[in-house]
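J.: First the structure, which I've put down as structure tokens, then a few questions once you've had a look.
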Amino acid sequence: MSNALVGISPTPVEVPSVVHDLANRLRSGATVVPVWRNEYGGLTVRLETARGGRSSYLKWVPHGAACADPLAEADRLVWAASFVPVPRVLDVGRDTHGSWLLTAAVEAGGAVATSAIEPRWRDRAARSATAIGVGLRRFHDALPTDTCPFVRTTETRVAPGVPPPVDRLVVCHGDATVPNTLLDRAGRFVAHVDVGDLGVADRWSDLAVTTRSVTRRYGPGFEPLVLAAYGVAPDHERTVYYRALWDAEESRRRAS
């Protein structure tokens, strides 16, 4: 097993043996390349097959980790796939070690789409921020709230106070950050990933988090580009509230 592999995360990533075993069972002989690790123990790896085979992505969450459930994410992916571009579910399951979700790589123009967090897109931040805004608007406009079986309203979350009136109910991504937006080779929006928290909510539940993510990942000055590309004016009250709500949930996860 290779240990000190580096993906998008800036630090060496140790791939647990249980993930190697799982990867071999799902894609025998595939090379395991880590691409993301979150602070709660969740790990995403790319499975690369020889002879030009298509890549796939394996998300693994250890038992008891405070991460979105891969099985719940699979349900959301299957539902959303009828309306928006999302990864195709190849396998999903749970055992004594944890839960997993295997999805096909998203392609655009004959190439695998890449996360907007990659260095090449940080170096073209204005283009990337615009693409992120465009993509989020497409997501919100395409998914039907009346038939969505998932909710993410403030009543179902750790509310930091009285919520502001709803601006517009949409099917929110739930974690529409820079890393979860995929771009093509020209820097255009392709698809979203990591939809484990997808559900109906005020659109500012996403917008507040998306704009802050762009600032954190690309630096100051790009939030207006996201909002302009989305087609909405800044909303200080809702932005402050939904960022506080996000922070409250993250604090609860860290304490669990």
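Residue numbers start at 1 in each chain; chains themselves are named A, B, ... in the order of the structure tokens; ligands are numbered from 1 in the order shown.
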Which residues in segment 23-78 of chain A does DSSP call strand (DSSP E)? List them as a ChimeraX atom specification.
T.: /A:31-37,43-48,56-62
J.: Give me the residues within 9 Å of Leu182 of chain A as an MDAnalysis selection string, counting only C-alpha atoms and dropping any in the same chain fewer than 3 places off.
T.: chainID A and resid 106 113:117 132 178:179 187:193
J.: With N, CA and C atoms retained, write the just-selected residues as a compact mmCIF listing (two decimals), in the first residue's frame.
T.:
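The new file out04.txt reads:
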```
# COMPACT_ATOMS: atom_id res chain seq x y z
N VAL A 106 -17.54 12.11 -14.08
CA VAL A 106 -18.33 12.97 -14.98
C VAL A 106 -17.41 13.47 -16.09
N ALA A 113 -14.27 15.85 -16.08
CA ALA A 113 -14.43 17.18 -15.49
C ALA A 113 -13.65 17.24 -14.17
N THR A 114 -13.15 18.42 -13.84
CA THR A 114 -12.30 18.56 -12.66
C THR A 114 -12.91 19.52 -11.65
N SER A 115 -12.56 19.33 -10.39
CA SER A 115 -13.08 20.18 -9.33
C SER A 115 -12.54 21.60 -9.45
N ALA A 116 -13.41 22.56 -9.13
CA ALA A 116 -13.02 23.97 -9.19
C ALA A 116 -12.00 24.34 -8.12
N ILE A 117 -11.64 23.41 -7.25
CA ILE A 117 -10.63 23.67 -6.22
C ILE A 117 -9.23 23.44 -6.76
N ILE A 132 -19.22 28.95 -11.24
CA ILE A 132 -19.87 28.44 -10.04
C ILE A 132 -21.25 29.08 -9.87
N VAL A 178 -16.86 25.37 -3.53
CA VAL A 178 -15.94 25.29 -4.66
C VAL A 178 -15.51 23.85 -4.96
N PRO A 179 -15.10 23.05 -3.96
CA PRO A 179 -14.66 21.69 -4.28
C PRO A 179 -15.74 20.82 -4.92
N GLY A 187 -13.13 25.76 -18.35
CA GLY A 187 -13.56 26.45 -17.14
C GLY A 187 -15.05 26.72 -17.07
N ARG A 188 -15.83 25.98 -17.85
CA ARG A 188 -17.28 26.12 -17.83
C ARG A 188 -17.90 25.10 -16.88
N PHE A 189 -19.02 25.47 -16.30
CA PHE A 189 -19.70 24.57 -15.37
C PHE A 189 -20.13 23.29 -16.08
N VAL A 190 -19.95 22.16 -15.36
CA VAL A 190 -20.36 20.86 -15.89
C VAL A 190 -21.38 20.18 -14.98
N ALA A 191 -21.05 20.05 -13.68
CA ALA A 191 -21.91 19.29 -12.79
C ALA A 191 -21.56 19.59 -11.34
N HIS A 192 -22.42 19.11 -10.45
CA HIS A 192 -22.16 19.16 -9.01
C HIS A 192 -21.94 17.75 -8.47
N VAL A 193 -21.16 17.66 -7.41
CA VAL A 193 -20.97 16.40 -6.70
C VAL A 193 -21.28 16.63 -5.23
```
J.: Can you work out which one of A:Arg25, A:His236, A:Lys59, A:Arg254 has the shortest atom-to-atom distance to Leu207 of chain A, counting only C-alpha atoms?
T.: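 Looking only at the distances to Leu207 of chain A, the closest residue turns out to be A:His236.
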J.: So that I can see what lies close to Arg238 of chain A, please list as a ChimeraX atom specification the residues with an atom at most 9 Å from it, counting only C-alpha atoms and leaving out residues fewer than 2 positions away in the same chain.
T.: /A:163-167,204-205,208,235-236,240-243
J.: Please compute the atom CA of Cys148 of chain A-atom CA of Ala72 of chain A distance, one decimal, in Å.
T.: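 Interatomic distance here is 13.8 Å.
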